[in-house]
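Asker: Structure file target24.cif, mmCIF, C-alpha atoms and all ligand atoms, is pasted below:
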data_start
loop_
_atom_site.label_atom_id
_atom_site.label_comp_id
_atom_site.auth_asym_id
_atom_site.auth_seq_id
_atom_site.Cartn_x
_atom_site.Cartn_y
_atom_site.Cartn_z
CA MET D 9 106.42 60.98 110.68
CA LYS D 10 106.42 57.28 110.09
CA ALA D 11 104.12 54.43 111.14
CA VAL D 12 105.03 50.76 110.77
CA HIS D 13 101.92 48.66 110.34
CA PHE D 14 102.11 44.85 110.70
CA GLY D 15 99.51 42.98 108.62
CA ALA D 16 98.67 44.52 105.25
CA GLY D 17 95.44 42.53 104.90
CA ASN D 18 91.84 43.70 104.78
CA ILE D 19 91.65 45.97 107.81
CA GLY D 20 95.36 46.84 107.54
CA ARG D 21 94.99 48.45 104.13
CA GLY D 22 91.28 49.35 104.30
CA PHE D 23 91.28 51.07 107.68
CA VAL D 24 94.46 51.35 109.77
CA GLY D 25 96.76 52.17 106.84
CA LEU D 26 94.20 54.59 105.42
CA LEU D 27 93.74 56.55 108.66
CA LEU D 28 97.47 56.65 109.39
CA HIS D 29 97.99 58.00 105.88
CA GLU D 30 95.27 60.60 106.37
CA GLY D 31 96.90 61.56 109.68
CA GLY D 32 100.09 62.43 107.77
CA TYR D 33 102.25 59.37 108.48
CA GLU D 34 104.36 57.62 105.90
CA VAL D 35 103.11 54.04 106.29
CA VAL D 36 105.51 51.09 106.13
CA PHE D 37 103.47 47.90 105.78
CA SER D 38 105.11 44.75 107.10
CA ASP D 39 103.65 41.39 106.12
CA VAL D 40 104.74 37.81 105.46
CA ALA D 41 102.65 37.26 102.31
CA ALA D 42 105.29 37.72 99.59
CA PRO D 43 102.94 38.49 96.63
CA LEU D 44 101.09 41.10 98.72
CA VAL D 45 104.33 42.76 99.85
CA GLN D 46 105.60 42.80 96.28
CA ALA D 47 102.36 44.31 94.98
CA LEU D 48 102.57 47.06 97.61
CA GLN D 49 106.23 47.66 96.78
CA GLU D 50 105.39 48.07 93.09
CA ALA D 51 102.41 50.40 93.62
CA GLU D 52 102.45 54.15 94.24
CA SER D 53 98.89 54.26 95.49
CA TYR D 54 95.83 52.14 96.19
CA THR D 55 92.16 52.94 96.51
CA VAL D 56 89.84 52.27 99.42
CA HIS D 57 86.32 51.97 97.95
CA GLU D 58 83.69 52.73 100.58
CA VAL D 59 80.51 51.06 99.36
CA GLY D 60 77.00 51.88 100.56
CA GLU D 61 75.33 55.11 101.61
CA GLY D 62 77.71 58.08 101.79
CA GLY D 63 80.67 56.01 100.62
CA GLN D 64 83.58 57.62 98.76
CA ASP D 65 86.77 56.46 97.11
CA ARG D 66 89.89 57.36 99.10
CA THR D 67 93.46 57.15 97.85
CA VAL D 68 96.39 56.01 99.92
CA THR D 69 99.87 57.11 98.87
CA ASN D 70 103.26 57.56 100.56
CA PHE D 71 103.66 53.95 101.70
CA ARG D 72 106.32 51.29 101.44
CA ALA D 73 106.31 47.59 102.25
CA VAL D 74 108.78 45.17 103.85
CA ASN D 75 108.60 41.39 104.07
CA SER D 76 109.23 40.58 107.74
CA ALA D 77 109.87 36.89 106.99
CA GLU D 78 112.58 37.66 104.43
CA ASP D 79 114.05 40.88 105.75
CA PRO D 80 113.66 41.17 109.53
CA GLN D 81 116.66 43.53 109.80
CA SER D 82 114.90 46.15 107.68
CA VAL D 83 111.74 45.79 109.76
CA ALA D 84 113.72 46.39 112.96
CA ALA D 85 115.35 49.47 111.42
CA GLU D 86 111.93 50.83 110.38
CA VAL D 87 110.54 50.25 113.88
CA ALA D 88 113.60 51.89 115.45
CA SER D 89 112.94 55.15 113.61
CA ALA D 90 109.11 55.18 113.58
CA GLU D 91 106.70 57.23 115.69
CA VAL D 92 103.93 54.64 115.66
CA VAL D 93 103.58 50.85 115.37
CA THR D 94 100.20 49.24 114.72
CA THR D 95 99.15 45.65 114.08
CA ALA D 96 96.18 43.97 112.40
CA VAL D 97 97.32 40.39 112.07
CA GLY D 98 94.91 38.46 114.31
CA PRO D 99 95.28 38.05 118.09
CA THR D 100 97.09 34.71 117.85
CA ILE D 101 99.79 36.17 115.57
CA LEU D 102 100.89 38.90 118.00
CA LYS D 103 103.57 36.63 119.45
CA PHE D 104 105.25 36.54 116.02
CA ILE D 105 105.24 40.34 115.77
CA ALA D 106 106.85 40.84 119.20
CA PRO D 107 110.42 39.85 118.11
CA HIS D 108 110.37 42.49 115.36
CA ILE D 109 109.24 45.24 117.72
CA LEU D 110 111.78 44.14 120.31
CA ALA D 111 114.58 44.23 117.72
CA GLY D 112 113.43 47.73 116.77
CA LEU D 113 113.41 48.89 120.41
CA ARG D 114 116.97 47.60 120.84
CA GLU D 115 118.09 49.79 117.92
CA ARG D 116 116.00 52.79 118.99
CA SER D 117 117.75 55.72 120.59
CA PRO D 118 116.90 55.96 124.32
CA GLU D 119 116.55 59.74 123.72
CA ALA D 120 113.89 59.35 121.00
CA VAL D 121 110.25 60.06 121.77
CA PRO D 122 108.73 56.73 122.91
CA LEU D 123 107.32 54.55 120.14
CA GLN D 124 103.49 54.48 120.27
CA VAL D 125 102.33 50.87 119.96
CA MET D 126 98.70 49.93 119.27
CA ALA D 127 97.39 46.46 118.42
CA CYS D 128 94.21 46.78 116.35
CA GLU D 129 92.77 43.30 116.81
CA ASN D 130 89.33 42.08 117.78
CA ALA D 131 90.28 41.10 121.29
CA ILE D 132 90.14 42.56 124.77
CA GLY D 133 93.51 44.01 125.79
CA ALA D 134 95.32 43.05 122.56
CA THR D 135 98.05 45.66 123.06
CA ASP D 136 98.57 44.41 126.62
CA THR D 137 98.98 40.91 125.19
CA LEU D 138 101.58 42.19 122.74
CA ARG D 139 103.45 43.97 125.53
CA VAL D 140 103.48 40.77 127.61
CA HIS D 141 105.02 38.89 124.66
CA LEU D 142 107.67 41.61 124.39
CA ARG D 143 108.43 41.54 128.11
CA GLU D 144 108.74 37.76 128.15
CA LEU D 145 111.04 37.79 125.15
CA ALA D 146 113.18 40.60 126.54
CA GLY D 147 113.68 39.06 129.99
CA ASP D 148 116.11 41.15 132.06
CA GLU D 149 116.61 43.55 129.15
CA TRP D 150 113.02 44.80 129.51
CA ASP D 151 113.81 47.36 132.21
CA GLU D 152 116.16 49.11 129.80
CA LEU D 153 113.91 48.82 126.71
CA ALA D 154 110.46 49.45 128.21
CA PRO D 155 110.86 53.27 128.45
CA ARG D 156 111.41 53.38 124.67
CA ALA D 157 107.74 52.58 123.95
CA VAL D 158 104.24 53.30 125.19
CA PHE D 159 101.36 50.89 124.73
CA ALA D 160 97.69 51.72 124.22
CA ASN D 161 94.77 49.33 123.89
CA THR D 162 92.37 50.14 121.09
CA ALA D 163 89.03 49.05 119.62
CA VAL D 164 88.70 49.25 115.85
CA ASP D 165 85.44 48.93 113.99
CA ARG D 166 84.98 48.83 110.24
CA ILE D 167 83.67 45.87 108.24
CA VAL D 168 86.25 44.95 105.63
CA PRO D 169 85.27 41.82 103.72
CA GLY D 170 87.66 39.42 102.01
CA GLN D 171 88.88 41.00 98.77
CA PRO D 172 88.64 39.48 95.30
CA ALA D 173 92.01 38.62 93.71
CA GLU D 174 91.29 40.80 90.67
CA GLY D 175 91.07 43.88 92.92
CA GLY D 176 94.82 43.80 93.55
CA ILE D 177 95.73 45.88 96.59
CA ASN D 178 92.59 48.07 96.37
CA VAL D 179 90.11 47.41 99.17
CA THR D 180 86.31 47.53 99.37
CA VAL D 181 85.01 48.58 102.79
CA GLU D 182 81.86 49.94 104.44
CA PRO D 183 81.69 53.74 104.95
CA PHE D 184 81.33 53.44 108.76
CA PHE D 185 84.36 53.41 111.04
CA GLU D 186 85.19 53.87 114.69
CA TRP D 187 88.62 53.74 116.37
CA ALA D 188 88.66 54.12 120.14
CA ILE D 189 92.08 54.45 121.78
CA GLU D 190 93.00 54.49 125.46
CA GLN D 191 94.88 57.76 125.88
CA GLY D 192 96.61 57.54 129.28
CA ALA D 193 99.88 56.06 128.01
CA PHE D 194 100.54 58.96 125.58
CA GLY D 195 100.94 61.64 128.24
CA GLY D 196 99.14 64.15 126.01
CA ASN D 197 101.23 63.44 122.90
CA LEU D 198 98.40 61.76 121.00
CA PRO D 199 99.01 59.97 117.71
CA LEU D 200 97.56 61.85 114.73
CA ILE D 201 94.65 59.67 113.66
CA PRO D 202 91.74 61.58 112.15
CA GLY D 203 88.39 60.61 113.63
CA ALA D 204 89.94 58.53 116.42
CA HIS D 205 88.12 58.68 119.71
CA PHE D 206 90.55 58.96 122.66
CA VAL D 207 89.13 57.62 125.92
CA ASP D 208 90.38 57.28 129.49
CA GLU D 209 89.26 53.70 129.89
CA LEU D 210 88.86 51.41 126.89
CA GLY D 211 87.16 48.50 128.72
CA PRO D 212 83.55 49.60 128.14
CA TYR D 213 84.22 50.49 124.48
CA ILE D 214 86.01 47.29 123.48
CA GLU D 215 83.37 45.20 125.28
CA ARG D 216 80.54 47.14 123.67
CA LYS D 217 82.15 46.65 120.25
CA LEU D 218 83.17 42.98 120.64
CA PHE D 219 79.95 41.95 122.41
CA THR D 220 77.66 43.77 119.98
CA VAL D 221 79.24 44.13 116.52
CA ASN D 222 81.17 40.87 116.71
CA THR D 223 78.61 38.88 118.70
CA GLY D 224 75.91 39.91 116.23
CA HIS D 225 78.17 39.26 113.27
CA ALA D 226 79.19 35.80 114.49
CA THR D 227 75.59 34.90 115.30
CA ALA D 228 74.48 36.00 111.80
CA ALA D 229 77.32 33.97 110.26
CA TYR D 230 76.75 30.74 112.18
CA LEU D 231 72.94 30.85 111.90
CA GLY D 232 73.37 31.88 108.26
CA VAL D 233 75.49 28.84 107.49
CA GLN D 234 72.83 26.61 109.05
CA ALA D 235 70.23 28.25 106.81
CA GLY D 236 72.40 27.59 103.74
CA ILE D 237 73.15 31.29 103.20
CA GLU D 238 76.47 32.60 101.87
CA LYS D 239 76.40 36.37 102.41
CA ILE D 240 75.98 38.26 105.66
CA ALA D 241 73.49 40.73 104.11
CA ASP D 242 71.35 37.78 102.94
CA ALA D 243 71.58 36.16 106.37
CA LEU D 244 70.06 39.30 107.91
CA ALA D 245 67.24 39.15 105.34
CA ASP D 246 66.27 35.71 106.66
CA GLU D 247 63.60 36.14 109.33
CA GLN D 248 64.84 33.37 111.60
CA VAL D 249 68.48 34.37 111.39
CA ALA D 250 67.59 38.02 112.03
CA ALA D 251 65.47 37.02 115.03
CA GLY D 252 68.39 34.96 116.38
CA VAL D 253 70.76 37.90 116.01
CA VAL D 254 68.34 40.30 117.68
CA ARG D 255 67.86 37.90 120.59
CA ALA D 256 71.59 37.40 121.18
CA LEU D 257 72.18 41.16 121.00
CA GLU D 258 69.38 41.96 123.42
CA GLU D 259 71.16 39.67 125.86
CA THR D 260 74.57 41.28 125.40
CA SER D 261 73.02 44.75 125.62
CA GLY D 262 71.41 43.71 128.90
CA LEU D 263 74.85 42.81 130.21
CA LEU D 264 76.52 45.98 128.87
CA VAL D 265 73.84 48.18 130.45
CA ALA D 266 74.20 46.38 133.80
CA LYS D 267 78.00 46.26 133.75
CA HIS D 268 79.07 49.54 132.16
CA GLY D 269 76.07 51.79 132.63
CA PHE D 270 75.32 52.37 128.93
CA SER D 271 71.69 53.47 128.72
CA VAL D 272 69.03 51.16 127.32
CA GLU D 273 68.25 53.75 124.62
CA GLU D 274 71.86 54.22 123.48
CA MET D 275 72.32 50.46 123.25
CA ALA D 276 69.13 50.19 121.17
CA THR D 277 70.45 52.87 118.77
CA TYR D 278 73.89 51.21 118.66
CA ARG D 279 72.32 47.82 117.81
CA SER D 280 70.12 49.29 115.14
CA THR D 281 73.08 51.03 113.43
CA ILE D 282 74.99 47.76 113.49
CA LEU D 283 72.15 45.73 112.01
CA ASP D 284 71.90 48.32 109.20
CA ARG D 285 75.64 47.93 108.59
CA PHE D 286 75.28 44.13 108.38
CA ARG D 287 72.43 44.60 105.87
CA ASN D 288 74.56 46.78 103.53
CA PRO D 289 73.81 45.08 100.18
CA ALA D 290 76.87 46.60 98.51
CA LEU D 291 79.26 44.91 100.94
CA PRO D 292 80.30 41.48 99.66
CA ASP D 293 80.88 39.95 103.10
CA THR D 294 80.49 36.20 103.64
CA VAL D 295 79.43 33.91 106.48
CA ASP D 296 82.68 31.96 105.98
CA ARG D 297 84.87 35.01 106.68
CA VAL D 298 82.82 36.23 109.60
CA GLY D 299 82.62 32.73 111.11
CA ARG D 300 86.35 32.05 110.62
CA GLN D 301 88.35 30.47 113.45
CA PRO D 302 85.41 29.18 115.54
CA LEU D 303 87.66 27.91 118.36
CA ARG D 304 88.94 31.46 118.89
CA LYS D 305 85.39 32.78 118.78
CA LEU D 306 84.25 30.18 121.36
CA SER D 307 87.06 30.98 123.79
CA ARG D 308 86.52 32.35 127.29
CA HIS D 309 86.76 36.12 126.77
CA GLU D 310 85.47 36.23 123.21
CA ARG D 311 82.17 37.38 121.67
CA LEU D 312 79.95 34.40 122.60
CA ILE D 313 81.15 32.77 125.82
CA GLY D 314 82.53 36.06 127.25
CA PRO D 315 79.18 37.88 127.48
CA ALA D 316 77.19 34.68 128.14
CA ALA D 317 79.41 33.81 131.11
CA GLU D 318 79.05 37.24 132.67
CA ALA D 319 75.33 37.35 131.96
CA ALA D 320 74.88 33.93 133.60
CA GLU D 321 76.86 35.10 136.63
CA ARG D 322 74.37 37.96 136.97
CA GLY D 323 71.33 35.75 136.42
CA LEU D 324 70.58 37.43 133.07
CA PRO D 325 69.12 35.49 130.09
CA VAL D 326 71.53 33.71 127.73
CA ASP D 327 69.40 31.43 125.53
CA GLY D 328 70.01 33.49 122.38
CA LEU D 329 73.77 33.36 122.95
CA LEU D 330 73.58 29.62 123.59
CA ASP D 331 71.76 29.18 120.27
CA ALA D 332 74.63 31.03 118.62
CA VAL D 333 77.07 28.71 120.42
CA SER D 334 75.16 25.67 119.09
CA ALA D 335 75.35 27.08 115.56
CA ALA D 336 79.08 27.83 116.00
CA LEU D 337 79.66 24.20 117.04
CA ALA D 338 78.11 23.12 113.73
CA PHE D 339 80.39 25.40 111.63
CA ASP D 340 81.93 22.92 109.23
CA LEU D 341 84.30 24.44 106.71
CA GLU D 342 87.15 22.41 105.27
CA SER D 343 89.28 25.43 104.41
CA ASP D 344 89.16 26.67 108.02
CA GLU D 345 91.80 24.92 110.16
CA GLN D 346 89.97 25.63 113.40
CA ALA D 347 86.64 24.35 112.04
CA VAL D 348 88.39 21.09 111.13
CA GLU D 349 90.09 20.93 114.53
CA MET D 350 86.77 21.61 116.27
CA LYS D 351 85.07 18.78 114.37
CA GLY D 352 87.88 16.41 115.38
CA LEU D 353 87.66 17.47 119.02
CA LEU D 354 83.88 17.04 119.09
CA ALA D 355 84.35 13.47 117.92
CA GLU D 356 87.26 12.69 120.22
CA VAL D 357 86.48 14.09 123.67
CA ASN D 358 83.32 14.12 125.78
CA ALA D 359 81.12 17.19 126.16
CA GLU D 360 82.56 18.23 129.53
CA ALA D 361 86.17 17.94 128.37
CA PHE D 362 85.38 19.84 125.16
CA THR D 363 83.62 22.60 127.09
CA GLU D 364 86.50 23.01 129.50
CA LYS D 365 89.18 22.95 126.82
CA VAL D 366 87.51 25.16 124.22
CA THR D 367 85.52 27.65 126.29
CA GLY D 368 87.80 27.81 129.32
CA LEU D 369 84.75 27.53 131.60
CA THR D 370 85.22 25.41 134.71
CA SER D 371 82.58 22.95 135.91
CA ALA D 372 81.59 25.20 138.84
CA HIS D 373 80.66 28.09 136.52
CA PRO D 374 76.88 28.78 136.19
CA LEU D 375 77.16 28.57 132.38
CA PHE D 376 79.18 25.35 132.22
CA ALA D 377 76.39 22.76 132.27
CA ARG D 378 74.32 24.73 129.76
CA VAL D 379 77.19 24.92 127.29
CA ALA D 380 78.08 21.26 127.87
CA GLU D 381 74.47 20.36 126.96
CA ARG D 382 74.87 22.22 123.65
CA VAL D 383 78.16 20.45 123.05
CA GLU D 384 76.58 17.07 123.79
CA ALA D 385 73.83 17.84 121.25
CA ALA D 386 76.44 18.86 118.67
CA ARG D 387 78.28 15.54 119.14
CA ARG D 388 75.18 13.47 118.23
N1 LIG M 401 88.25 42.67 108.46
C1 LIG M 401 87.56 43.30 109.38
O1 LIG M 401 86.39 43.66 109.17
C2 LIG M 401 88.18 43.62 110.72
C3 LIG M 401 87.65 44.71 111.43
C4 LIG M 401 88.17 45.01 112.71
C5 LIG M 401 89.22 44.27 113.20
N2 LIG M 401 89.71 43.23 112.46
C6 LIG M 401 90.81 42.48 113.06
O2 LIG M 401 92.01 42.78 112.35
C7 LIG M 401 92.86 41.64 112.31
C8 LIG M 401 93.17 41.28 110.86
O3 LIG M 401 91.95 40.99 110.19
P1 LIG M 401 91.84 41.05 108.61
O4 LIG M 401 90.41 40.86 108.30
O5 LIG M 401 92.54 42.22 108.10
O6 LIG M 401 92.63 39.71 108.23
P2 LIG M 401 93.51 39.45 106.93
O7 LIG M 401 93.74 37.97 106.92
O8 LIG M 401 92.93 40.11 105.75
O9 LIG M 401 94.89 40.19 107.26
C9 LIG M 401 95.87 39.69 108.13
C10 LIG M 401 97.21 39.98 107.50
O10 LIG M 401 98.22 39.63 108.44
C11 LIG M 401 99.28 39.04 107.73
N3 LIG M 401 100.14 38.27 108.63
C12 LIG M 401 99.95 37.01 109.09
N4 LIG M 401 101.00 36.66 109.85
C13 LIG M 401 101.84 37.72 109.89
C14 LIG M 401 103.09 37.97 110.50
N5 LIG M 401 103.69 37.06 111.27
N6 LIG M 401 103.68 39.17 110.31
C15 LIG M 401 103.09 40.13 109.53
N7 LIG M 401 101.90 39.94 108.91
C16 LIG M 401 101.30 38.76 109.10
C17 LIG M 401 98.60 38.19 106.65
O11 LIG M 401 99.48 37.84 105.60
C18 LIG M 401 97.49 39.14 106.23
O12 LIG M 401 97.90 39.98 105.18
C19 LIG M 401 92.12 40.54 113.09
O13 LIG M 401 92.50 40.60 114.44
C20 LIG M 401 90.68 40.96 112.96
O14 LIG M 401 89.87 40.48 113.96
C21 LIG M 401 89.23 42.89 111.25
O1 LIG M 402 87.88 39.42 112.49
P1 LIG M 402 87.22 38.37 113.34
O2 LIG M 402 87.44 36.99 112.81
O3 LIG M 402 87.54 38.53 114.78
O4 LIG M 402 85.65 38.64 113.24
C1 LIG M 402 85.01 38.63 111.98
C2 LIG M 402 84.19 39.89 111.82
O5 LIG M 402 83.15 39.90 112.76
C3 LIG M 402 85.05 41.15 111.99
O6 LIG M 402 86.18 41.13 111.17
C4 LIG M 402 84.21 42.42 111.70
O7 LIG M 402 84.04 42.59 110.33
C5 LIG M 402 84.89 43.63 112.31
O8 LIG M 402 85.24 43.41 113.63
C6 LIG M 402 84.05 44.87 112.18
O9 LIG M 402 84.65 45.90 112.91
#
Please rewrite the model in this file as structure tokens.

Answerer:
Amino acid sequence: MKAVHFGAGNIGRGFVGLLLHEGGYEVVFSDVAAPLVQALQEAESYTVHEVGEGGQDRTVTNFRAVNSAEDPQSVAAEVASAEVVTTAVGPTILKFIAPHILAGLRERSPEAVPLQVMACENAIGATDTLRVHLRELAGDEWDELAPRAVFANTAVDRIVPGQPAEGGINVTVEPFFEWAIEQGAFGGNLPLIPGAHFVDELGPYIERKLFTVNTGHATAAYLGVQAGIEKIADALADEQVAAGVVRALEETSGLLVAKHGFSVEEMATYRSTILDRFRNPALPDTVDRVGRQPLRKLSRHERLIGPAAEAAERGLPVDGLLDAVSAALAFDLESDEQAVEMKGLLAEVNAEAFTEKVTGLTSAHPLFARVAERVEAARR
């Protein structure tokens, strides 16, 4: 059994690749970072160090690596003969993965068991997005190629910080993980992923994850930066930052309870586990990594505006989320392209135009004026 995994970065090696390996797949990593691909090609194994309570070292073997920028033909051939394709490249990169999968589907035998495709990104419906890219690229050919693959949305949760250069391809991660996968598309032939949680409907799970883990994380990062703090664990140790995170998460929990029927108690337990994970002192995670790409994080269906918009529509409180939005607007990091772009936009366009363009809210939305006020304050 073979799985092709696009994106051999932090979560790719430290979570998706690890679980696929433990499920018995040979893993073929595909990436565009030449030194990383070469290091994987030269290694026979790498170690995933789980740090913090209950953590163990786990060894990944039986993998290969292909550079999709230099050798797209080999990537297509690997996809054509694989059982599973996964991605962890970032939601905006999925459009660059689609041509490789499409080329693989063209070469795949129509008699083969359908390829199982799962995008493991922090985004709602990431696999659907990937499938739309494939369909658009394929045009009329899609009717013939579509039966050669099945597509399942997933929600992946494990904190994998940026890795120090001296660690090579080894990865330091937290012990916790959760991988929820929508099972309908598989018709009972489930991929072999140990510990995965197969569900009928992913919507509640991805929203619970994105609007709790990632909302809390982003809030800690942006408030942490404002407090002059570098590490996420230290941000949580700051009383004001912690209070800001708790407030934002109480608001998203309120929405998740109202919308999906999670109980108040289970959301309280879920939040408390997450805050403990953020506080893990052994995990070298930074506010810069967690706050990366602020324009993506401020977009319409993402971790801040997404829950705030729905909460506002229901008349639920959103002040904690708006404080996180204000802090996100102040995220100023020269090495982050989107932070630089955001700063330029704040200077160039008025608050209403910025709000519409960045958050996707329209002026009639109950949250619009409140966000625009925060934007106006950030422009001063
Ligand atoms: N790190 C985490 O804690 C974590 C947890 C859950 C989900 N995620 C999600 O996983 C995705 C990846 O995050 P990460 O932290 O691993 O980032 P990362 O930057 O460490 O890894 C991304 C990898 O994708 C590669 N890449 C970029 N363009 C590519 C292309 N066209 N083809 C193939 N590979 C390409 C990069 O070279 C890099 O190795 C994101 O969507 C992120 O939100 C991350
Ligand atoms: O990967 P991003 O940029 O969407 O979000 C940054 C972190 O919040 C994220 O990577 C978490 O560590 C991860 O989602 C935990 O499961």

Asker: Counting all atoms listed in the file, what are the residues of chain D within 6 Å of ligand LIG 401 (chain M), and for each of them which pair of atoms is the nearest and at what distance in Å, to one decimal? Sort the table by chain and rising number, as CSV.

Answerer:
residue,atom,partner,partner_atom,distance
D:Phe14,CA,M:LIG401,C15,5.0
D:Gly15,CA,M:LIG401,O10,3.6
D:Ala16,CA,M:LIG401,O12,4.6
D:Gly17,CA,M:LIG401,O9,3.4
D:Asn18,CA,M:LIG401,O5,3.7
D:Ile19,CA,M:LIG401,O5,3.9
D:Gly20,CA,M:LIG401,O5,5.4
D:Ser38,CA,M:LIG401,C15,5.6
D:Asp39,CA,M:LIG401,N7,3.6
D:Val40,CA,M:LIG401,N7,5.0
D:Ala41,CA,M:LIG401,O11,4.6
D:Ala96,CA,M:LIG401,C7,4.1
D:Val97,CA,M:LIG401,O10,3.8
D:Gly98,CA,M:LIG401,O13,3.2
D:Pro99,CA,M:LIG401,O13,5.2
D:Ile101,CA,M:LIG401,N4,5.9
D:Phe104,CA,M:LIG401,N5,5.0
D:Ile105,CA,M:LIG401,N5,5.8
D:Glu129,CA,M:LIG401,O13,3.6
D:Asn130,CA,M:LIG401,O14,4.2
D:Val164,CA,M:LIG401,C4,5.3
D:Asp165,CA,M:LIG401,C4,4.9
D:Arg166,CA,M:LIG401,C3,5.1
D:Ile167,CA,M:LIG401,O1,3.6
D:Val168,CA,M:LIG401,O1,3.8
D:Pro169,CA,M:LIG401,N1,5.7

Asker: Please report as a Markdown table every residue of chain D lying within 10 Å of ligand LIG 402 (chain M), along with the nearest atom pair and their distance in Å (one decimal), using only C-alpha atoms and all ligand atoms.

Answerer:
| residue | atom | partner | partner_atom | distance |
| --- | --- | --- | --- | --- |
| D:Asn18 | CA | M:LIG402 | O6 | 8.9 |
| D:Ile19 | CA | M:LIG402 | O6 | 8.0 |
| D:Phe23 | CA | M:LIG402 | O9 | 9.9 |
| D:Ala96 | CA | M:LIG402 | O1 | 9.5 |
| D:Val97 | CA | M:LIG402 | O1 | 9.5 |
| D:Gly98 | CA | M:LIG402 | O1 | 7.3 |
| D:Pro99 | CA | M:LIG402 | O3 | 8.4 |
| D:Cys128 | CA | M:LIG402 | O8 | 10.0 |
| D:Glu129 | CA | M:LIG402 | O3 | 7.4 |
| D:Asn130 | CA | M:LIG402 | O3 | 5.0 |
| D:Ala131 | CA | M:LIG402 | O3 | 7.5 |
| D:Ala163 | CA | M:LIG402 | O9 | 8.6 |
| D:Val164 | CA | M:LIG402 | O9 | 6.0 |
| D:Asp165 | CA | M:LIG402 | O9 | 3.3 |
| D:Arg166 | CA | M:LIG402 | O9 | 4.0 |
| D:Ile167 | CA | M:LIG402 | O7 | 3.9 |
| D:Val168 | CA | M:LIG402 | O7 | 5.7 |
| D:Pro169 | CA | M:LIG402 | O7 | 6.8 |
| D:Gly170 | CA | M:LIG402 | O6 | 9.4 |
| D:Val181 | CA | M:LIG402 | O7 | 9.7 |
| D:Glu182 | CA | M:LIG402 | C6 | 9.5 |
| D:Phe184 | CA | M:LIG402 | O9 | 9.2 |
| D:Phe185 | CA | M:LIG402 | O9 | 7.7 |
| D:Glu186 | CA | M:LIG402 | O9 | 8.2 |
| D:Trp187 | CA | M:LIG402 | O9 | 9.4 |
| D:Lys217 | CA | M:LIG402 | O9 | 7.8 |
| D:Leu218 | CA | M:LIG402 | O8 | 7.3 |
| D:Thr220 | CA | M:LIG402 | O5 | 9.9 |
| D:Val221 | CA | M:LIG402 | C6 | 6.5 |
| D:Asn222 | CA | M:LIG402 | O5 | 4.5 |
| D:Thr223 | CA | M:LIG402 | O5 | 7.5 |
| D:Gly224 | CA | M:LIG402 | O5 | 8.0 |
| D:His225 | CA | M:LIG402 | O5 | 5.0 |
| D:Ala226 | CA | M:LIG402 | O5 | 6.0 |
| D:Thr227 | CA | M:LIG402 | O5 | 9.4 |
| D:Ala228 | CA | M:LIG402 | O5 | 9.6 |
| D:Ala229 | CA | M:LIG402 | O5 | 8.7 |
| D:Ile282 | CA | M:LIG402 | C6 | 9.6 |
| D:Arg285 | CA | M:LIG402 | C6 | 9.6 |
| D:Phe286 | CA | M:LIG402 | O7 | 9.1 |
| D:Asp293 | CA | M:LIG402 | O7 | 8.3 |
| D:Thr294 | CA | M:LIG402 | C2 | 9.7 |
| D:Val295 | CA | M:LIG402 | C1 | 9.1 |
| D:Asp296 | CA | M:LIG402 | C1 | 9.3 |
| D:Arg297 | CA | M:LIG402 | C1 | 6.4 |
| D:Val298 | CA | M:LIG402 | C1 | 4.0 |
| D:Gly299 | CA | M:LIG402 | C1 | 6.4 |
| D:Arg300 | CA | M:LIG402 | O2 | 5.5 |
| D:Gln301 | CA | M:LIG402 | O2 | 6.6 |
| D:Pro302 | CA | M:LIG402 | O2 | 8.5 |
| D:Arg304 | CA | M:LIG402 | O3 | 8.3 |
| D:Lys305 | CA | M:LIG402 | O3 | 7.3 |
| D:Glu310 | CA | M:LIG402 | O3 | 9.0 |
| D:Arg311 | CA | M:LIG402 | O3 | 8.8 |

Asker: Between D:Lys267, D:Arg21, D:His205, D:Arg255, which residue has the minimum interatomic distance to Thr55 of chain D, considering only C-alpha atoms?

Answerer: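 Of D:Lys267, D:Arg21, D:His205, D:Arg255, the one nearest Thr55 of chain D, counting only C-alpha atoms, is D:Arg21.
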
Asker: Counting all atoms listed in the file, which residue out of D:Val233, D:Ser271, D:Leu354, D:Ala47 sits closest to Ala173 of chain D?

Answerer: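 Among D:Val233, D:Ser271, D:Leu354, D:Ala47, it is D:Ala47 that comes nearest to Ala173 of chain D.
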
Asker: List every residue of segment 176-199 of chain D that has an atom at most 12 Å from any atom of segment 79-92 of chain D, giving for each one its closest atom pair and the distance in Å to one decimal, counting only C-alpha atoms, sorted by chain and then by ascending residue number, as a Markdown table.

Answerer:
| residue | atom | partner | partner_atom | distance |
| --- | --- | --- | --- | --- |
| D:Phe194 | CA | D:Val92 | CA | 11.3 |
| D:Asn197 | CA | D:Glu91 | CA | 11.0 |
| D:Leu198 | CA | D:Val92 | CA | 10.5 |
| D:Pro199 | CA | D:Val92 | CA | 7.5 |

Asker: Quick one: residues within 10 Å of Gly262 of chain D, only C-alpha atoms, excluding same-chain residues fewer than 3 positions away - as a count of residues only?

Answerer: 15

Asker: Atom CA of His268 of chain D and atom CA of Glu209 of chain D, how far apart in Å?

Answerer: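 So the answer is 11.2 Å.
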
Asker: Which residue, D:Ile189, D:Ile237, D:Leu303, D:Val207, has the smallest gap to Val348 of chain D when you use all atoms listed in the file?

Answerer: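 Of D:Ile189, D:Ile237, D:Leu303, D:Val207, the one nearest Val348 of chain D is D:Leu303, counting all atoms listed in the file.
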
Asker: Can you work out the spacing between atom CA of Glu342 of chain D and atom CA of Ala359 of chain D in Å, to one decimal?

Answerer: 22.4 Å
